[in-house]
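Asker: Next comes model23.txt, compact mmCIF, N, CA and C atoms:
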# COMPACT_ATOMS: atom_id res chain seq x y z
N MET A 3 13.52 -75.55 -127.16
CA MET A 3 13.13 -75.33 -125.77
C MET A 3 13.22 -73.84 -125.45
N GLU A 4 12.14 -73.26 -124.96
CA GLU A 4 12.17 -71.84 -124.64
C GLU A 4 12.61 -71.62 -123.20
N SER A 5 13.10 -70.40 -122.92
CA SER A 5 13.56 -70.12 -121.56
C SER A 5 12.36 -69.91 -120.64
N LYS A 6 12.54 -70.22 -119.37
CA LYS A 6 11.50 -70.05 -118.36
C LYS A 6 11.99 -69.03 -117.35
N VAL A 7 11.14 -68.09 -117.02
CA VAL A 7 11.49 -67.03 -116.09
C VAL A 7 10.61 -67.15 -114.84
N TYR A 8 11.23 -66.96 -113.69
CA TYR A 8 10.46 -66.85 -112.45
C TYR A 8 11.20 -65.89 -111.53
N TYR A 9 10.57 -65.53 -110.43
CA TYR A 9 11.15 -64.60 -109.47
C TYR A 9 11.36 -65.31 -108.14
N ALA A 10 12.47 -65.02 -107.51
CA ALA A 10 12.80 -65.63 -106.22
C ALA A 10 13.25 -64.54 -105.25
N MET A 11 12.86 -64.70 -104.00
CA MET A 11 13.26 -63.80 -102.93
C MET A 11 14.08 -64.61 -101.94
N SER A 12 15.30 -64.18 -101.70
CA SER A 12 16.18 -64.90 -100.77
C SER A 12 16.38 -64.08 -99.50
N PHE A 13 16.79 -64.77 -98.45
CA PHE A 13 16.92 -64.15 -97.13
C PHE A 13 18.23 -64.57 -96.49
N TYR A 14 18.61 -63.85 -95.46
CA TYR A 14 19.86 -64.13 -94.76
C TYR A 14 19.67 -65.09 -93.59
N ASN A 15 18.40 -65.32 -93.18
CA ASN A 15 18.16 -66.31 -92.13
C ASN A 15 16.76 -66.91 -92.31
N THR A 16 16.57 -68.07 -91.72
CA THR A 16 15.33 -68.82 -91.90
C THR A 16 14.14 -68.11 -91.24
N THR A 17 14.35 -67.46 -90.12
CA THR A 17 13.26 -66.74 -89.45
C THR A 17 12.66 -65.69 -90.36
N ASP A 18 13.50 -64.90 -91.03
CA ASP A 18 13.00 -63.88 -91.95
C ASP A 18 12.25 -64.53 -93.12
N THR A 19 12.73 -65.67 -93.58
CA THR A 19 12.05 -66.37 -94.67
C THR A 19 10.64 -66.75 -94.26
N MET A 20 10.50 -67.37 -93.09
CA MET A 20 9.20 -67.86 -92.65
C MET A 20 8.23 -66.71 -92.35
N GLN A 21 8.72 -65.63 -91.76
CA GLN A 21 7.85 -64.50 -91.47
C GLN A 21 7.38 -63.82 -92.75
N THR A 22 8.27 -63.70 -93.71
CA THR A 22 7.90 -63.07 -94.98
C THR A 22 6.99 -63.99 -95.79
N GLU A 23 7.19 -65.29 -95.68
CA GLU A 23 6.33 -66.24 -96.38
C GLU A 23 4.87 -66.02 -96.01
N LYS A 24 4.58 -65.84 -94.74
CA LYS A 24 3.20 -65.64 -94.30
C LYS A 24 2.59 -64.42 -94.97
N LYS A 25 3.33 -63.34 -95.04
CA LYS A 25 2.84 -62.11 -95.67
C LYS A 25 2.66 -62.30 -97.17
N ALA A 26 3.62 -62.98 -97.80
CA ALA A 26 3.57 -63.18 -99.25
C ALA A 26 2.38 -64.04 -99.65
N ARG A 27 2.06 -65.05 -98.86
CA ARG A 27 0.93 -65.94 -99.18
C ARG A 27 -0.40 -65.20 -99.22
N GLU A 28 -0.49 -64.10 -98.50
CA GLU A 28 -1.72 -63.31 -98.49
C GLU A 28 -1.94 -62.59 -99.82
N GLN A 29 -0.86 -62.38 -100.60
CA GLN A 29 -0.95 -61.59 -101.82
C GLN A 29 -0.63 -62.35 -103.11
N PHE A 30 0.17 -63.42 -103.00
CA PHE A 30 0.70 -64.06 -104.20
C PHE A 30 0.62 -65.59 -104.08
N GLU A 31 0.69 -66.24 -105.23
CA GLU A 31 0.89 -67.68 -105.25
C GLU A 31 2.40 -67.90 -105.14
N ILE A 32 2.82 -68.57 -104.08
CA ILE A 32 4.25 -68.76 -103.83
C ILE A 32 4.54 -70.20 -103.41
N HIS A 33 5.82 -70.55 -103.41
CA HIS A 33 6.31 -71.81 -102.88
C HIS A 33 7.65 -71.54 -102.20
N ILE A 34 7.93 -72.29 -101.15
CA ILE A 34 9.26 -72.26 -100.54
C ILE A 34 10.11 -73.26 -101.31
N MET A 35 11.32 -72.86 -101.62
CA MET A 35 12.21 -73.71 -102.41
C MET A 35 13.64 -73.53 -101.93
N PRO A 36 14.53 -74.47 -102.27
CA PRO A 36 15.95 -74.23 -102.00
C PRO A 36 16.40 -73.02 -102.82
N THR A 37 17.27 -72.23 -102.26
CA THR A 37 17.75 -71.06 -102.99
C THR A 37 18.44 -71.49 -104.27
N PRO A 38 18.07 -70.89 -105.41
CA PRO A 38 18.73 -71.25 -106.66
C PRO A 38 20.23 -71.01 -106.58
N ARG A 39 21.00 -71.89 -107.18
CA ARG A 39 22.46 -71.79 -107.09
C ARG A 39 23.00 -70.53 -107.76
N ALA A 40 22.20 -69.90 -108.62
CA ALA A 40 22.63 -68.66 -109.26
C ALA A 40 22.64 -67.49 -108.27
N ILE A 41 22.00 -67.67 -107.11
CA ILE A 41 22.01 -66.66 -106.05
C ILE A 41 22.96 -67.17 -104.98
N SER A 42 24.00 -66.44 -104.70
CA SER A 42 25.04 -66.98 -103.82
C SER A 42 24.78 -66.79 -102.34
N THR A 43 24.23 -65.67 -101.92
CA THR A 43 24.10 -65.38 -100.49
C THR A 43 22.68 -65.61 -100.02
N SER A 44 22.51 -66.56 -99.10
CA SER A 44 21.20 -66.76 -98.50
C SER A 44 21.29 -67.81 -97.42
N CYS A 45 20.16 -68.04 -96.75
CA CYS A 45 20.10 -69.04 -95.69
C CYS A 45 19.84 -70.43 -96.25
N GLY A 46 19.61 -70.54 -97.53
CA GLY A 46 19.33 -71.84 -98.13
C GLY A 46 17.90 -72.01 -98.57
N LEU A 47 17.00 -71.13 -98.11
CA LEU A 47 15.61 -71.16 -98.51
C LEU A 47 15.24 -69.87 -99.24
N ALA A 48 14.34 -69.99 -100.19
CA ALA A 48 13.87 -68.81 -100.93
C ALA A 48 12.37 -68.95 -101.16
N ILE A 49 11.74 -67.83 -101.44
CA ILE A 49 10.34 -67.81 -101.85
C ILE A 49 10.32 -67.69 -103.36
N ARG A 50 9.59 -68.60 -104.00
CA ARG A 50 9.43 -68.55 -105.45
C ARG A 50 8.04 -68.00 -105.75
N PHE A 51 8.01 -66.94 -106.53
CA PHE A 51 6.74 -66.35 -106.96
C PHE A 51 6.32 -67.02 -108.26
N GLU A 52 5.09 -67.49 -108.33
CA GLU A 52 4.63 -68.28 -109.46
C GLU A 52 4.05 -67.45 -110.60
N GLY A 53 4.14 -66.15 -110.52
CA GLY A 53 3.67 -65.29 -111.60
C GLY A 53 4.82 -64.52 -112.20
N VAL A 54 4.48 -63.51 -112.98
CA VAL A 54 5.52 -62.69 -113.63
C VAL A 54 5.30 -61.20 -113.40
N ASP A 55 4.69 -60.83 -112.30
CA ASP A 55 4.39 -59.43 -112.00
C ASP A 55 5.55 -58.79 -111.23
N GLU A 56 6.63 -58.49 -111.95
CA GLU A 56 7.85 -57.98 -111.32
C GLU A 56 7.60 -56.75 -110.46
N GLN A 57 6.78 -55.83 -110.93
CA GLN A 57 6.53 -54.61 -110.17
C GLN A 57 5.83 -54.90 -108.84
N ALA A 58 4.89 -55.83 -108.84
CA ALA A 58 4.21 -56.20 -107.59
C ALA A 58 5.19 -56.85 -106.62
N TYR A 59 6.09 -57.70 -107.12
CA TYR A 59 7.07 -58.34 -106.26
C TYR A 59 8.05 -57.32 -105.71
N LEU A 60 8.44 -56.35 -106.54
CA LEU A 60 9.34 -55.30 -106.09
C LEU A 60 8.68 -54.46 -105.00
N GLN A 61 7.44 -54.08 -105.19
CA GLN A 61 6.74 -53.29 -104.17
C GLN A 61 6.64 -54.07 -102.86
N PHE A 62 6.36 -55.36 -102.96
CA PHE A 62 6.30 -56.20 -101.78
C PHE A 62 7.66 -56.23 -101.07
N ALA A 63 8.73 -56.40 -101.83
CA ALA A 63 10.08 -56.44 -101.26
C ALA A 63 10.41 -55.13 -100.55
N LEU A 64 10.05 -54.01 -101.16
CA LEU A 64 10.34 -52.70 -100.57
C LEU A 64 9.59 -52.50 -99.25
N GLN A 65 8.44 -53.14 -99.08
CA GLN A 65 7.64 -53.00 -97.87
C GLN A 65 8.19 -53.81 -96.70
N GLN A 66 9.02 -54.80 -96.98
CA GLN A 66 9.55 -55.66 -95.92
C GLN A 66 10.68 -54.95 -95.19
N GLN A 67 10.81 -55.25 -93.91
CA GLN A 67 11.82 -54.60 -93.08
C GLN A 67 13.07 -55.45 -92.89
N VAL A 68 13.08 -56.65 -93.43
CA VAL A 68 14.19 -57.58 -93.23
C VAL A 68 15.15 -57.53 -94.41
N PRO A 69 16.41 -57.90 -94.20
CA PRO A 69 17.35 -58.01 -95.32
C PRO A 69 16.89 -59.12 -96.27
N LEU A 70 16.91 -58.82 -97.56
CA LEU A 70 16.45 -59.79 -98.55
C LEU A 70 16.97 -59.43 -99.93
N GLY A 71 16.80 -60.34 -100.84
CA GLY A 71 17.14 -60.08 -102.24
C GLY A 71 16.02 -60.58 -103.12
N LEU A 72 15.66 -59.81 -104.13
CA LEU A 72 14.66 -60.21 -105.11
C LEU A 72 15.38 -60.38 -106.44
N TYR A 73 15.18 -61.53 -107.06
CA TYR A 73 15.90 -61.86 -108.28
C TYR A 73 14.96 -62.37 -109.36
N ARG A 74 15.30 -62.04 -110.58
CA ARG A 74 14.65 -62.60 -111.76
C ARG A 74 15.54 -63.76 -112.20
N ILE A 75 14.98 -64.96 -112.23
CA ILE A 75 15.74 -66.15 -112.58
C ILE A 75 15.27 -66.64 -113.95
N GLU A 76 16.20 -66.77 -114.85
CA GLU A 76 15.88 -67.28 -116.18
C GLU A 76 16.61 -68.60 -116.36
N MET A 77 15.85 -69.63 -116.67
CA MET A 77 16.43 -70.94 -116.95
C MET A 77 16.79 -70.96 -118.43
N LYS A 78 18.07 -71.08 -118.69
CA LYS A 78 18.57 -71.09 -120.07
C LYS A 78 18.31 -72.45 -120.72
N GLU A 79 18.49 -72.49 -122.02
CA GLU A 79 18.27 -73.73 -122.77
C GLU A 79 19.17 -74.86 -122.30
N ASP A 80 20.36 -74.53 -121.80
CA ASP A 80 21.27 -75.57 -121.32
C ASP A 80 20.95 -76.03 -119.90
N GLY A 81 19.86 -75.49 -119.32
CA GLY A 81 19.44 -75.90 -117.98
C GLY A 81 20.06 -75.11 -116.85
N GLU A 82 20.99 -74.22 -117.16
CA GLU A 82 21.64 -73.41 -116.13
C GLU A 82 20.82 -72.16 -115.83
N PRO A 83 20.60 -71.87 -114.56
CA PRO A 83 19.87 -70.64 -114.21
C PRO A 83 20.77 -69.41 -114.28
N LYS A 84 20.20 -68.31 -114.71
CA LYS A 84 20.89 -67.02 -114.71
C LYS A 84 20.07 -66.08 -113.84
N ALA A 85 20.70 -65.46 -112.84
CA ALA A 85 20.00 -64.57 -111.92
C ALA A 85 20.31 -63.12 -112.22
N GLU A 86 19.27 -62.32 -112.21
CA GLU A 86 19.42 -60.87 -112.35
C GLU A 86 18.85 -60.24 -111.08
N SER A 87 19.65 -59.45 -110.39
CA SER A 87 19.23 -58.80 -109.17
C SER A 87 18.23 -57.68 -109.48
N ILE A 88 17.09 -57.70 -108.82
CA ILE A 88 16.08 -56.65 -108.96
C ILE A 88 16.20 -55.67 -107.80
N PHE A 89 16.37 -56.22 -106.58
CA PHE A 89 16.47 -55.41 -105.37
C PHE A 89 17.20 -56.21 -104.30
N VAL A 90 18.12 -55.57 -103.59
CA VAL A 90 18.82 -56.22 -102.47
C VAL A 90 18.90 -55.25 -101.31
N ARG A 91 18.51 -55.75 -100.14
CA ARG A 91 18.69 -55.00 -98.88
C ARG A 91 19.60 -55.87 -98.02
N GLU A 92 20.81 -55.43 -97.82
CA GLU A 92 21.79 -56.20 -97.05
C GLU A 92 21.59 -55.98 -95.56
N PRO A 93 22.06 -56.95 -94.77
CA PRO A 93 21.92 -56.79 -93.30
C PRO A 93 22.81 -55.68 -92.77
Mind converting the file's structure to structure tokens?
Answerer:
Amino acid sequence: MESKVYYAMSFYNTTDTMQTEKKAREQFEIHIMPTPRAISTSCGLAIRFEGVDEQAYLQFALQQQVPLGLYRIEMKEDGEPKAESIFVREP
């Protein structure tokens, strides 16, 4: 079984999640999902990016004015997710 990588953006409140979702849908294929357990701080919802264009996701994150975190999530062979922080803007 090979590892699977995806990118997730987490937020500190639901309002920021929903507002950013609208902007993200204009540029990327995304889904709203429960925040992965490998990411500890969030409102419970995250945006999952369905591609692997880390630089595009980072540029998008930098353009947002709300507190957020962008993470690279790798699903290990044992099924446990491992999160690597790409960018975090704290409140």
Asker: How many Å lie between atom C of Asp55 in chain A and atom C of Ala26 in chain A, rounded to one decimal?
Answerer: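 Computed distance, atom C of Asp55 in chain A to atom C of Ala26 in chain A, equals 13.1 Å.
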Asker: Compile the contact shell of Pro69 in chain A as a count of residues only: residues with an atom at most 10 Å away, counting only C-alpha atoms, same-chain residues fewer than 4 positions apart removed.
Answerer: 11
Asker: In Å, how far is it from CA of Glu52 in chain A to atom N of Glu31 in chain A?
Answerer: 6.1 Å
Asker: In terms of the shortest atom-to-atom distance over all atoms listed in the file, which of A:Lys84, A:Tyr8, A:Gln21, A:Arg50 is closest to His33 in chain A?
Answerer: A:Arg50
Asker: Quick one: distance from CA of Gly81 in chain A to atom C of Met11 in chain A in Å, one decimal?
Answerer: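 According to the coordinates, CA of Gly81 in chain A and atom C of Met11 in chain A are separated by 20.3 Å.
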Asker: Between A:Cys45, A:Met77, A:Val54, A:Ala40, which residue has the minimum interatomic distance to Lys6 in chain A, considering only C-alpha atoms?
Answerer: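 Closest to Lys6 in chain A of all the choices is A:Met77.
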Asker: Which residue is closest to Leu70 in chain A? Choose from A:Ser42, A:Phe51, A:Glu28, A:Phe89 and count all atoms listed in the file.
Answerer: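 Comparing A:Ser42, A:Phe51, A:Glu28, A:Phe89 against Leu70 in chain A, the winner is A:Phe89.
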Asker: Between A:Ile49, A:Ile88, A:Leu72, A:Leu60, which has the minimum distance to Met35 in chain A (counting only N, CA and C atoms)?
Answerer: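 Looking only at the distances to Met35 in chain A, the closest residue turns out to be A:Ile49.
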Asker: If you keep N, CA and C atoms, can you output range 5-33 of chain A as an mmCIF file, in the first residue's frame?
Answerer:
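Saved as decode.cif:
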data_model
loop_
_atom_site.group_PDB
_atom_site.id
_atom_site.type_symbol
_atom_site.label_atom_id
_atom_site.label_comp_id
_atom_site.auth_asym_id
_atom_site.auth_seq_id
_atom_site.Cartn_x
_atom_site.Cartn_y
_atom_site.Cartn_z
ATOM 1 N N SER A 5 1.668 5.438 0.211
ATOM 2 C CA SER A 5 1.124 6.535 0.999
ATOM 3 C C SER A 5 0.351 7.486 0.091
ATOM 4 N N LYS A 6 -0.642 8.161 0.653
ATOM 5 C CA LYS A 6 -1.455 9.121 -0.076
ATOM 6 C C LYS A 6 -1.248 10.484 0.561
ATOM 7 N N VAL A 7 -1.025 11.478 -0.266
ATOM 8 C CA VAL A 7 -0.774 12.832 0.207
ATOM 9 C C VAL A 7 -1.902 13.743 -0.267
ATOM 10 N N TYR A 8 -2.347 14.617 0.626
ATOM 11 C CA TYR A 8 -3.272 15.669 0.235
ATOM 12 C C TYR A 8 -2.975 16.896 1.082
ATOM 13 N N TYR A 9 -3.605 18.005 0.755
ATOM 14 C CA TYR A 9 -3.396 19.261 1.472
ATOM 15 C C TYR A 9 -4.704 19.685 2.120
ATOM 16 N N ALA A 10 -4.599 20.198 3.331
ATOM 17 C CA ALA A 10 -5.774 20.651 4.075
ATOM 18 C C ALA A 10 -5.503 22.034 4.655
ATOM 19 N N MET A 11 -6.534 22.861 4.644
ATOM 20 C CA MET A 11 -6.462 24.191 5.230
ATOM 21 C C MET A 11 -7.459 24.234 6.374
ATOM 22 N N SER A 12 -6.971 24.545 7.563
ATOM 23 C CA SER A 12 -7.843 24.594 8.741
ATOM 24 C C SER A 12 -8.018 26.038 9.189
ATOM 25 N N PHE A 13 -9.073 26.255 9.962
ATOM 26 C CA PHE A 13 -9.449 27.602 10.383
ATOM 27 C C PHE A 13 -9.804 27.610 11.857
ATOM 28 N N TYR A 14 -9.850 28.786 12.432
ATOM 29 C CA TYR A 14 -10.158 28.927 13.850
ATOM 30 C C TYR A 14 -11.649 29.120 14.106
ATOM 31 N N ASN A 15 -12.421 29.419 13.039
ATOM 32 C CA ASN A 15 -13.876 29.506 13.211
ATOM 33 C C ASN A 15 -14.573 29.143 11.898
ATOM 34 N N THR A 16 -15.827 28.784 12.014
ATOM 35 C CA THR A 16 -16.592 28.305 10.861
ATOM 36 C C THR A 16 -16.836 29.408 9.832
ATOM 37 N N THR A 17 -17.033 30.629 10.272
ATOM 38 C CA THR A 17 -17.260 31.743 9.346
ATOM 39 C C THR A 17 -16.083 31.895 8.394
ATOM 40 N N ASP A 18 -14.863 31.859 8.919
ATOM 41 C CA ASP A 18 -13.677 31.971 8.069
ATOM 42 C C ASP A 18 -13.586 30.792 7.100
ATOM 43 N N THR A 19 -13.974 29.616 7.558
ATOM 44 C CA THR A 19 -13.955 28.438 6.684
ATOM 45 C C THR A 19 -14.885 28.649 5.501
ATOM 46 N N MET A 20 -16.112 29.070 5.763
ATOM 47 C CA MET A 20 -17.107 29.211 4.701
ATOM 48 C C MET A 20 -16.743 30.345 3.733
ATOM 49 N N GLN A 21 -16.227 31.446 4.240
ATOM 50 C CA GLN A 21 -15.842 32.551 3.367
ATOM 51 C C GLN A 21 -14.664 32.162 2.479
ATOM 52 N N THR A 22 -13.707 31.451 3.045
ATOM 53 C CA THR A 22 -12.541 31.033 2.267
ATOM 54 C C THR A 22 -12.925 29.936 1.281
ATOM 55 N N GLU A 23 -13.870 29.091 1.645
ATOM 56 C CA GLU A 23 -14.334 28.040 0.738
ATOM 57 C C GLU A 23 -14.820 28.640 -0.579
ATOM 58 N N LYS A 24 -15.587 29.705 -0.513
ATOM 59 C CA LYS A 24 -16.106 30.340 -1.725
ATOM 60 C C LYS A 24 -14.974 30.785 -2.639
ATOM 61 N N LYS A 25 -13.955 31.386 -2.071
ATOM 62 C CA LYS A 25 -12.804 31.850 -2.861
ATOM 63 C C LYS A 25 -12.018 30.670 -3.428
ATOM 64 N N ALA A 26 -11.839 29.638 -2.611
ATOM 65 C CA ALA A 26 -11.059 28.474 -3.043
ATOM 66 C C ALA A 26 -11.738 27.745 -4.195
ATOM 67 N N ARG A 27 -13.058 27.641 -4.161
ATOM 68 C CA ARG A 27 -13.797 26.944 -5.226
ATOM 69 C C ARG A 27 -13.605 27.601 -6.592
ATOM 70 N N GLU A 28 -13.318 28.884 -6.595
ATOM 71 C CA GLU A 28 -13.094 29.594 -7.861
ATOM 72 C C GLU A 28 -11.782 29.175 -8.522
ATOM 73 N N GLN A 29 -10.838 28.629 -7.735
ATOM 74 C CA GLN A 29 -9.511 28.316 -8.257
ATOM 75 C C GLN A 29 -9.134 26.837 -8.221
ATOM 76 N N PHE A 30 -9.741 26.070 -7.314
ATOM 77 C CA PHE A 30 -9.287 24.704 -7.076
ATOM 78 C C PHE A 30 -10.473 23.748 -6.941
ATOM 79 N N GLU A 31 -10.174 22.471 -7.123
ATOM 80 C CA GLU A 31 -11.136 21.437 -6.773
ATOM 81 C C GLU A 31 -10.947 21.168 -5.283
ATOM 82 N N ILE A 32 -11.994 21.403 -4.502
ATOM 83 C CA ILE A 32 -11.903 21.267 -3.045
ATOM 84 C C ILE A 32 -13.114 20.537 -2.492
ATOM 85 N N HIS A 33 -13.010 20.130 -1.236
ATOM 86 C CA HIS A 33 -14.118 19.572 -0.474
ATOM 87 C C HIS A 33 -14.001 20.069 0.963
#
